[in-house]
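Asker: Can you read through this structure? Questions will come right after.
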Amino acid sequence: MSVHEAITAHSRKQHEHIEAFLHLDQLREQYIEQALQKCLSKQPYSVNGINQISQQINEHAKKGISPLRKLITEQMLEQYAATIK
């Protein structure tokens, strides 16, 4: 394999890794927004979906250059909701 091909393959692999991260991160943001809206309207909500996606992101990060995401608690979401009321 030539140097050019190796660089191209490496770049492609990094791009695919980042694309997968962006997809997961967008999904996590959607889960956060859904839980936040329920919290603000005093409806029952859960952070389980958020944390499941966060764990997937963190596992994915072990294989490349993407960042980690923190797991969150109901208390963290409620504290954030209190700042935007």
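Within each chain, counting starts at residue 1; across the structure tokens, chains are named A, B, ... in the order shown, with ligands numbered 1 upward in that order.
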Excluding same-chain residues fewer than 3 positions from Met76 (chain A), what lies within 12 Å of it counting only C-alpha atoms, as a tab-separated table (two decimals) with C-alpha atoms, in the first residue's frame?

Answerer:
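File produced: selection.tsv:
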```tsv
chain	number	residue	atom	x	y	z
A	32	ILE	CA	-31.89	15.40	26.98
A	35	ALA	CA	-36.41	14.72	29.48
A	36	LEU	CA	-35.95	18.45	30.07
A	39	CYS	CA	-39.16	17.90	33.81
A	46	SER	CA	-36.06	9.30	33.11
A	47	VAL	CA	-32.40	9.90	32.32
A	70	LYS	CA	-20.81	12.43	31.35
A	71	LEU	CA	-23.60	10.35	32.76
A	72	ILE	CA	-26.28	12.49	34.33
A	73	THR	CA	-28.68	12.16	37.23
A	79	GLN	CA	-30.83	21.80	38.55
A	80	TYR	CA	-30.40	22.70	34.90
A	81	ALA	CA	-34.16	23.06	34.45
A	82	ALA	CA	-34.25	25.47	37.39
A	83	THR	CA	-31.78	27.76	35.61
```

Asker: Excluding Pro67 (chain A) and residues on its chain fewer than 6 positions from it, collect all residues at most 12 Å away from it, counting only C-alpha atoms, and give them as a list of chain:residue names.

Answerer: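 Listed by chain and then number, they are A:His17, A:Ile18, A:Ala20, A:Phe21, A:Leu22, A:Leu24, A:Asp25, A:Ser54, A:Gln55, A:Gln56, A:Ile57, A:Asn58, A:Glu59, A:His60, A:Ala61.
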
Asker: Any chance you could export the current selection's N, CA and C atoms as a short mmCIF file (atom, residue, chain, number, x, y, z; two decimals), in the first residue's frame?

Answerer:
```cif
data_model
loop_
_atom_site.label_atom_id
_atom_site.label_comp_id
_atom_site.auth_asym_id
_atom_site.auth_seq_id
_atom_site.Cartn_x
_atom_site.Cartn_y
_atom_site.Cartn_z
N HIS A 17 -15.46 7.58 12.10
CA HIS A 17 -15.55 7.58 13.56
C HIS A 17 -16.26 8.84 14.04
N ILE A 18 -15.88 9.98 13.51
CA ILE A 18 -16.50 11.25 13.91
C ILE A 18 -17.96 11.30 13.49
N ALA A 20 -20.03 8.81 13.25
CA ALA A 20 -20.76 7.96 14.19
C ALA A 20 -20.94 8.69 15.53
N PHE A 21 -19.88 9.36 15.98
CA PHE A 21 -19.98 10.15 17.22
C PHE A 21 -21.05 11.23 17.09
N LEU A 22 -21.03 11.96 16.00
CA LEU A 22 -21.99 13.05 15.81
C LEU A 22 -23.42 12.53 15.82
N LEU A 24 -24.53 9.79 17.42
CA LEU A 24 -24.84 9.43 18.80
C LEU A 24 -25.04 10.68 19.66
N ASP A 25 -24.20 11.68 19.46
CA ASP A 25 -24.29 12.90 20.26
C ASP A 25 -25.61 13.64 19.97
N SER A 54 -24.95 7.89 26.33
CA SER A 54 -23.65 8.38 26.84
C SER A 54 -22.65 7.24 26.96
N GLN A 55 -23.12 6.09 27.44
CA GLN A 55 -22.24 4.93 27.57
C GLN A 55 -21.79 4.44 26.19
N GLN A 56 -22.69 4.47 25.22
CA GLN A 56 -22.31 4.09 23.85
C GLN A 56 -21.26 5.06 23.30
N ILE A 57 -21.45 6.34 23.56
CA ILE A 57 -20.47 7.35 23.12
C ILE A 57 -19.12 7.08 23.76
N ASN A 58 -19.11 6.80 25.05
CA ASN A 58 -17.86 6.57 25.76
C ASN A 58 -17.15 5.30 25.30
N GLU A 59 -17.92 4.27 24.97
CA GLU A 59 -17.32 3.06 24.40
C GLU A 59 -16.75 3.36 23.01
N HIS A 60 -17.49 4.12 22.24
CA HIS A 60 -17.05 4.51 20.89
C HIS A 60 -15.75 5.32 20.97
N ALA A 61 -15.65 6.18 21.97
CA ALA A 61 -14.47 7.05 22.12
C ALA A 61 -13.20 6.24 22.36
#
```

Asker: What are the DSSP helix (DSSP H, G or I) residues of chain A, as a PyMOL selection string?

Answerer: chain A and resi 3-40+48-61+74-84

Asker: Which of these, A:Lys62, A:Ser2, A:Glu33, A:Ala9, has the shortest distance to Tyr45 (chain A) once you count only C-alpha atoms?

Answerer: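 Comparing A:Lys62, A:Ser2, A:Glu33, A:Ala9 against Tyr45 (chain A), the winner is A:Glu33.
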
Asker: My list of candidates is A:Gln34, A:Ser41, A:Ser66, A:Gln52. Which is closest to Glu19 (chain A) when distances are computed with only C-alpha atoms?

Answerer: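 Counting only C-alpha atoms, the residue closest to Glu19 (chain A) is A:Ser66.
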
Asker: Can you work out the spacing between CA of Leu27 (chain A) and CA of Arg12 (chain A) in Å, to one decimal?

Answerer: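 Computing the Euclidean distance for CA of Leu27 (chain A) and CA of Arg12 (chain A) yields 22.8 Å.
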
Asker: How many Å lie between CA of Gly64 (chain A) and CA of Ala6 (chain A), rounded to one decimal?

Answerer: 16.8 Å

Asker: Work out how far CA of Glu74 (chain A) is from CA of Arg28 (chain A), in Å to one decimal.

Answerer: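 Distance reported for this atom pair: 15.1 Å.
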